[in-house]
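What follows is one structure encoded as structure tokens, with my remarks underneath.
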Amino acid sequence: MNRRTVLRHLGFGMSAGLVLPSILSSCISNDPGPEVAYDGVVAIIGAGAAGLFAADILRSKGVKVRVFEANNRVGGRIYSIRAFNTEFNSFPRQDFPIEIGAERVLGTDAAWAEVIKLLRVPTVDFKSLSTPQYIIDSTLRSEATALLDSDFNAAQNFVNALSNQTGSTIKNAITTQGINTRVHGVLNSLIGNQYGTNNESLGASGLAEALGKRTRNTDELILRDNPMQDILISRFAQTVEKVELNKKVTRVVNQGDTIDLSVTNTLDASEEIVTVNKVIIAVPLSILKNEEIVFSPALPQAKLSAMAKVGMDASMRVVLDFRQNLWGDDTNFILGGNKGPLYFNAGVGRSEFNKILSVTINGPKAAELGALGNNAVNELVLELDSILDGKASANVKDSFIIKDWAADQFIKGGYSYPINGGGEADRVSLAEAINDNLFFAGEATDLQGDWGTVNGALNSGERAALEVIDAILNPVA
């Protein structure tokens, strides 16, 4: 089998770890693999999913890469509790993986699911085993009961028609259609919080435009036994070995044929200048918006204008451990909360005990709770008390996890979303290369309508890598 054919079919390089399927192993023997003749070095700034994928593709083509990661780990917003995470030592070990960042596989036919299939990782179709519950009128209602409510059905119809919505913000569209305020909390859980903010901030037309471009299905999976971070590391094992950790790039000086990078060692504050030929920027959008990387020459005004139309808000993950399951083994989500817009029954379909709630809060509410520190847990437990007959506070354990992504110095937020007036054209401008030697990746630059997801990060990493290869093979005269 020609390995080039497999590369085109799979869309990524060959450094997979865990398990090597027969379709790949049959292509390796006596096949040196595709190579691009290039004497230069490509730097990738950021070792999240986008950066690792881009580096892996380039390496598989024979291009020399250097990957710089400011943090002491790879994965970016894919972050799992693992045996050696000293940050989470006080939290009791569970019989299923706990995720601090991305926790669900969105789309069974999308980029992240393809990686998981490639590695033959066991998954759980948790939605076939469980249903959501909704907070309406301060009462917890089953899906069957909620469907008897005309206001809830109006809310569901609105969600189902998101790709056709128009106007300034989602909140404005909801108000214009006269949907009762009784279910606005549910709509915020299903839309605003889902897409990284709240309905007051999320642009309606921009979201609709993105959903119209998206081709993946809406199925969702969770990993049965394996942490997501381990899947990412295993898939890109050979590339991960070459990542230079604790190396923060603070300045990019584009001199044409070469680019000088100012690199700071975050452990001892030492600095060095690294000269490369091409660069892929694969850091979170918030890092660029906060000007933590200085560009010389400055980024074009068109890119800065596009950046201003893409938001990135605060984001929190809180993991609560209870003495007993108070919400039902067949419940997957509790939706509609004011403090906690999304409570996920994280052990559904994979835990013998099933007593963990993973809470995702995005947007201004995450900033509000983040300011409370550990007291944020009290706010969430009080909200749960109000719908669980006061039993939450009596059953919650002292051990909990709070990950405030806005406070993470290397992330500084959740994930991107279109603000009022923003749209897919802004993603195109964000992704556009500069001078055929400076390229951009990361979920905010996804052009397939899947920004804000691991899929979007992988899509962007592949796109940027192929742009680099094209620039090498077809240089501008």
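Labels used: A, B, ... for chains in the order of the structure tokens, numbers from 1 for residues in each chain, and numbers from 1 for ligands as shown.
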For stretch 109-137 of chain A versus stretch 233-257 of chain A, which residues have an atom no more than 12 Å away, and what is each residue's nearest atom pair and distance in Å rounded to one decimal, using only C-alpha atoms, chain-then-number order, as JSON lines?
```
{"residue": "A:Trp112", "atom": "CA", "partner": "A:Arg235", "partner_atom": "CA", "distance": 10.7}
{"residue": "A:Glu114", "atom": "CA", "partner": "A:Arg235", "partner_atom": "CA", "distance": 11.0}
{"residue": "A:Val115", "atom": "CA", "partner": "A:Arg235", "partner_atom": "CA", "distance": 7.3}
{"residue": "A:Ile116", "atom": "CA", "partner": "A:Arg235", "partner_atom": "CA", "distance": 8.7}
{"residue": "A:Lys117", "atom": "CA", "partner": "A:Arg235", "partner_atom": "CA", "distance": 11.0}
{"residue": "A:Leu118", "atom": "CA", "partner": "A:Arg235", "partner_atom": "CA", "distance": 8.7}
{"residue": "A:Leu119", "atom": "CA", "partner": "A:Arg235", "partner_atom": "CA", "distance": 7.4}
{"residue": "A:Arg120", "atom": "CA", "partner": "A:Arg235", "partner_atom": "CA", "distance": 11.1}
{"residue": "A:Val121", "atom": "CA", "partner": "A:Arg235", "partner_atom": "CA", "distance": 11.1}
```
Identify, with DSSP run on backbone atoms, the residues in stretch 233-467 of chain A assigned to helix (DSSP H, G or I), and express the list as a PyMOL selection string.
chain A and resi 233-235+237-240+285-289+301-308+364-370+373-387+391-395+405-407+424-431+443-445+454-467
Residues near stretch 186-196 of chain A, anyone? I mean within 10 Å using only C-alpha atoms, not counting same-chain ones fewer than 4 positions away, as number ranges by chain.
A: 134-136, 152, 155-156, 158-159, 162, 169-171, 174, 179, 181-182, 200-203, 207, 311-315, 334-338, 340-343, 360-363, 365-366, 413-418, 451-453
N, CA and C atoms of the current selection, written as a CSV table (one decimal), in the first residue's frame:
```csv
chain,number,residue,atom,x,y,z
A,134,TYR,N,-34.0,19.1,33.5
A,134,TYR,CA,-34.0,20.6,33.3
A,134,TYR,C,-34.6,21.3,34.5
A,135,ILE,N,-34.0,22.4,34.8
A,135,ILE,CA,-34.4,23.3,35.8
A,135,ILE,C,-35.4,24.3,35.3
A,136,ILE,N,-36.7,24.2,35.6
A,136,ILE,CA,-37.7,25.1,35.1
A,136,ILE,C,-38.6,25.5,36.3
A,152,PHE,N,-41.1,25.0,27.1
A,152,PHE,CA,-40.0,24.2,26.8
A,152,PHE,C,-39.9,23.7,25.4
A,155,ALA,N,-38.6,26.5,23.3
A,155,ALA,CA,-37.2,26.6,23.5
A,155,ALA,C,-36.4,25.5,22.6
A,156,GLN,N,-36.9,24.3,22.7
A,156,GLN,CA,-36.3,23.2,21.9
A,156,GLN,C,-36.4,23.5,20.4
A,158,PHE,N,-36.4,26.4,19.1
A,158,PHE,CA,-35.4,27.5,18.8
A,158,PHE,C,-34.0,26.9,18.6
A,159,VAL,N,-33.7,26.0,19.5
A,159,VAL,CA,-32.4,25.3,19.5
A,159,VAL,C,-32.2,24.5,18.2
A,162,LEU,N,-31.2,26.7,15.1
A,162,LEU,CA,-30.1,27.7,15.3
A,162,LEU,C,-29.4,28.1,14.0
A,169,THR,N,-27.7,39.2,18.8
A,169,THR,CA,-27.3,38.2,19.7
A,169,THR,C,-28.4,37.1,19.8
A,170,ILE,N,-28.0,36.0,20.4
A,170,ILE,CA,-28.9,34.9,20.7
A,170,ILE,C,-30.0,35.4,21.6
A,171,LYS,N,-29.6,36.2,22.6
A,171,LYS,CA,-30.6,36.7,23.6
A,171,LYS,C,-31.7,37.6,22.8
A,174,ILE,N,-34.0,35.3,20.9
A,174,ILE,CA,-35.0,34.7,21.8
A,174,ILE,C,-36.1,35.6,22.2
A,179,ILE,N,-40.1,33.9,23.4
A,179,ILE,CA,-40.0,32.7,24.2
A,179,ILE,C,-40.0,33.1,25.7
A,181,THR,N,-39.6,33.7,29.6
A,181,THR,CA,-38.4,33.8,30.4
A,181,THR,C,-38.2,32.6,31.3
A,182,ARG,N,-39.3,31.8,31.5
A,182,ARG,CA,-39.2,30.6,32.3
A,182,ARG,C,-38.2,29.6,31.8
A,200,GLU,N,-26.4,36.5,26.0
A,200,GLU,CA,-26.3,38.0,25.8
A,200,GLU,C,-25.1,38.4,25.0
A,201,SER,N,-24.1,37.5,24.9
A,201,SER,CA,-22.8,37.9,24.2
A,201,SER,C,-22.7,37.2,22.9
A,202,LEU,N,-23.3,36.0,22.7
A,202,LEU,CA,-23.1,35.2,21.6
A,202,LEU,C,-23.8,35.8,20.3
A,203,GLY,N,-23.1,36.0,19.3
A,203,GLY,CA,-23.7,36.5,18.0
A,203,GLY,C,-24.6,35.5,17.3
A,207,LEU,N,-23.1,32.5,14.7
A,207,LEU,CA,-23.3,31.1,15.1
A,207,LEU,C,-24.0,30.4,14.0
A,311,GLY,N,-14.9,36.6,20.3
A,311,GLY,CA,-14.7,36.7,21.8
A,311,GLY,C,-14.1,35.4,22.3
A,312,MET,N,-13.6,35.6,23.6
A,312,MET,CA,-13.1,34.4,24.3
A,312,MET,C,-13.3,34.8,25.8
A,313,ASP,N,-14.2,34.2,26.5
A,313,ASP,CA,-14.6,34.6,27.8
A,313,ASP,C,-13.9,33.7,28.9
A,314,ALA,N,-14.2,34.0,30.1
A,314,ALA,CA,-13.8,33.1,31.2
A,314,ALA,C,-14.5,31.8,31.1
A,315,SER,N,-13.8,30.8,31.7
A,315,SER,CA,-14.4,29.4,31.7
A,315,SER,C,-13.9,28.7,32.9
A,334,ILE,N,-27.9,18.0,34.0
A,334,ILE,CA,-28.8,18.9,34.6
A,334,ILE,C,-28.6,20.3,33.9
A,335,LEU,N,-29.6,20.8,33.2
A,335,LEU,CA,-29.5,22.0,32.5
A,335,LEU,C,-30.5,23.1,33.0
A,336,GLY,N,-30.1,24.3,32.8
A,336,GLY,CA,-31.0,25.4,33.2
A,336,GLY,C,-30.6,26.1,34.4
A,337,GLY,N,-29.5,25.8,35.0
A,337,GLY,CA,-29.0,26.4,36.3
A,337,GLY,C,-28.5,27.8,36.0
A,338,ASN,N,-28.7,28.7,37.0
A,338,ASN,CA,-28.1,30.0,36.9
A,338,ASN,C,-26.6,30.1,37.3
A,340,GLY,N,-24.7,27.1,37.8
A,340,GLY,CA,-24.1,26.1,37.0
A,340,GLY,C,-24.9,25.8,35.8
A,341,PRO,N,-24.6,26.4,34.6
A,341,PRO,CA,-25.4,26.1,33.5
A,341,PRO,C,-25.4,24.7,33.0
A,342,LEU,N,-24.3,24.0,33.2
A,342,LEU,CA,-24.2,22.6,32.8
A,342,LEU,C,-23.6,21.7,33.9
A,343,TYR,N,-24.5,20.9,34.5
A,343,TYR,CA,-24.0,19.8,35.4
A,343,TYR,C,-24.0,18.5,34.7
A,360,THR,N,-19.6,22.8,34.2
A,360,THR,CA,-19.0,23.7,33.2
A,360,THR,C,-19.7,25.0,33.2
A,361,ILE,N,-18.9,26.1,33.5
A,361,ILE,CA,-19.5,27.4,33.5
A,361,ILE,C,-18.6,28.3,32.6
A,362,ASN,N,-19.3,28.9,31.6
A,362,ASN,CA,-18.6,29.8,30.7
A,362,ASN,C,-19.2,31.2,30.7
A,363,GLY,N,-18.4,32.2,30.3
A,363,GLY,CA,-18.9,33.5,30.2
A,363,GLY,C,-18.8,34.3,31.5
A,365,LYS,N,-20.6,34.5,34.1
A,365,LYS,CA,-20.9,33.7,35.3
A,365,LYS,C,-19.6,33.0,35.8
A,366,ALA,N,-18.8,32.6,34.8
A,366,ALA,CA,-17.5,32.0,35.2
A,366,ALA,C,-16.6,33.0,35.8
A,413,GLY,N,-8.6,31.8,29.4
A,413,GLY,CA,-10.0,31.8,29.0
A,413,GLY,C,-10.4,30.5,28.5
A,414,GLY,N,-11.6,30.4,27.9
A,414,GLY,CA,-12.2,29.2,27.5
A,414,GLY,C,-11.9,28.9,26.0
A,415,TYR,N,-12.9,29.2,25.2
A,415,TYR,CA,-12.7,29.0,23.8
A,415,TYR,C,-13.5,30.1,23.0
A,416,SER,N,-13.2,30.2,21.7
A,416,SER,CA,-13.7,31.3,20.9
A,416,SER,C,-15.2,31.2,20.6
A,417,TYR,N,-15.8,32.4,20.3
A,417,TYR,CA,-17.2,32.4,19.8
A,417,TYR,C,-17.3,33.8,19.1
A,418,PRO,N,-18.3,33.9,18.2
A,418,PRO,CA,-18.6,35.1,17.5
A,418,PRO,C,-19.4,36.1,18.3
A,451,TRP,N,-15.2,25.6,15.4
A,451,TRP,CA,-14.4,26.3,16.4
A,451,TRP,C,-14.9,26.0,17.8
A,452,GLY,N,-14.1,26.2,18.8
A,452,GLY,CA,-14.5,26.0,20.2
A,452,GLY,C,-14.4,24.5,20.6
A,453,THR,N,-13.9,23.6,19.7
A,453,THR,CA,-13.8,22.2,19.9
A,453,THR,C,-12.5,21.6,19.6
```
Atomic distance atom CA of A:Glu379 - atom CA of A:Phe344, expressed in Å with one decimal:
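Going from atom CA of A:Glu379 over to atom CA of A:Phe344 covers 16.6 Å.
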Set out as a Markdown table a contact list for stretch 321-371 of chain A and stretch 397-412 of chain A with a cut-off of 10 Å, giving each residue of stretch 321-371 of chain A that qualifies its closest atom pair and distance in Å to one decimal, counting only C-alpha atoms, ordered by chain and rising residue number.
```
| residue | atom | partner | partner_atom | distance |
| --- | --- | --- | --- | --- |
| A:Asp321 | CA | A:Lys397 | CA | 5.6 |
| A:Phe322 | CA | A:Lys397 | CA | 5.4 |
| A:Arg323 | CA | A:Lys397 | CA | 6.7 |
| A:Gln324 | CA | A:Lys397 | CA | 10.0 |
| A:Ile356 | CA | A:Phe400 | CA | 9.8 |
| A:Ser358 | CA | A:Ile401 | CA | 9.3 |
| A:Val359 | CA | A:Ile402 | CA | 9.5 |
| A:Thr360 | CA | A:Lys403 | CA | 9.9 |
| A:Ile361 | CA | A:Asp404 | CA | 9.6 |
| A:Asn362 | CA | A:Trp405 | CA | 9.8 |
| A:Ala366 | CA | A:Asp404 | CA | 8.1 |
| A:Ala367 | CA | A:Ala406 | CA | 7.8 |
| A:Leu369 | CA | A:Asp404 | CA | 9.2 |
| A:Gly370 | CA | A:Asp404 | CA | 6.3 |
| A:Ala371 | CA | A:Asp404 | CA | 9.6 |
```
Nearest candidate to A:Thr197 (options A:Leu261, A:Lys61, A:Arg216, A:Pro364; using only C-alpha atoms)
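Counting only C-alpha atoms, the residue closest to A:Thr197 is A:Pro364.
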How many Å separate atom CA of A:Gly349 from atom CA of A:Asp125?
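Computing the Euclidean distance for atom CA of A:Gly349 and atom CA of A:Asp125 yields 8.0 Å.
Note that the spacing between atom CA of A:Leu232 and atom CA of A:Asn332 amounts to 24.9 Å.
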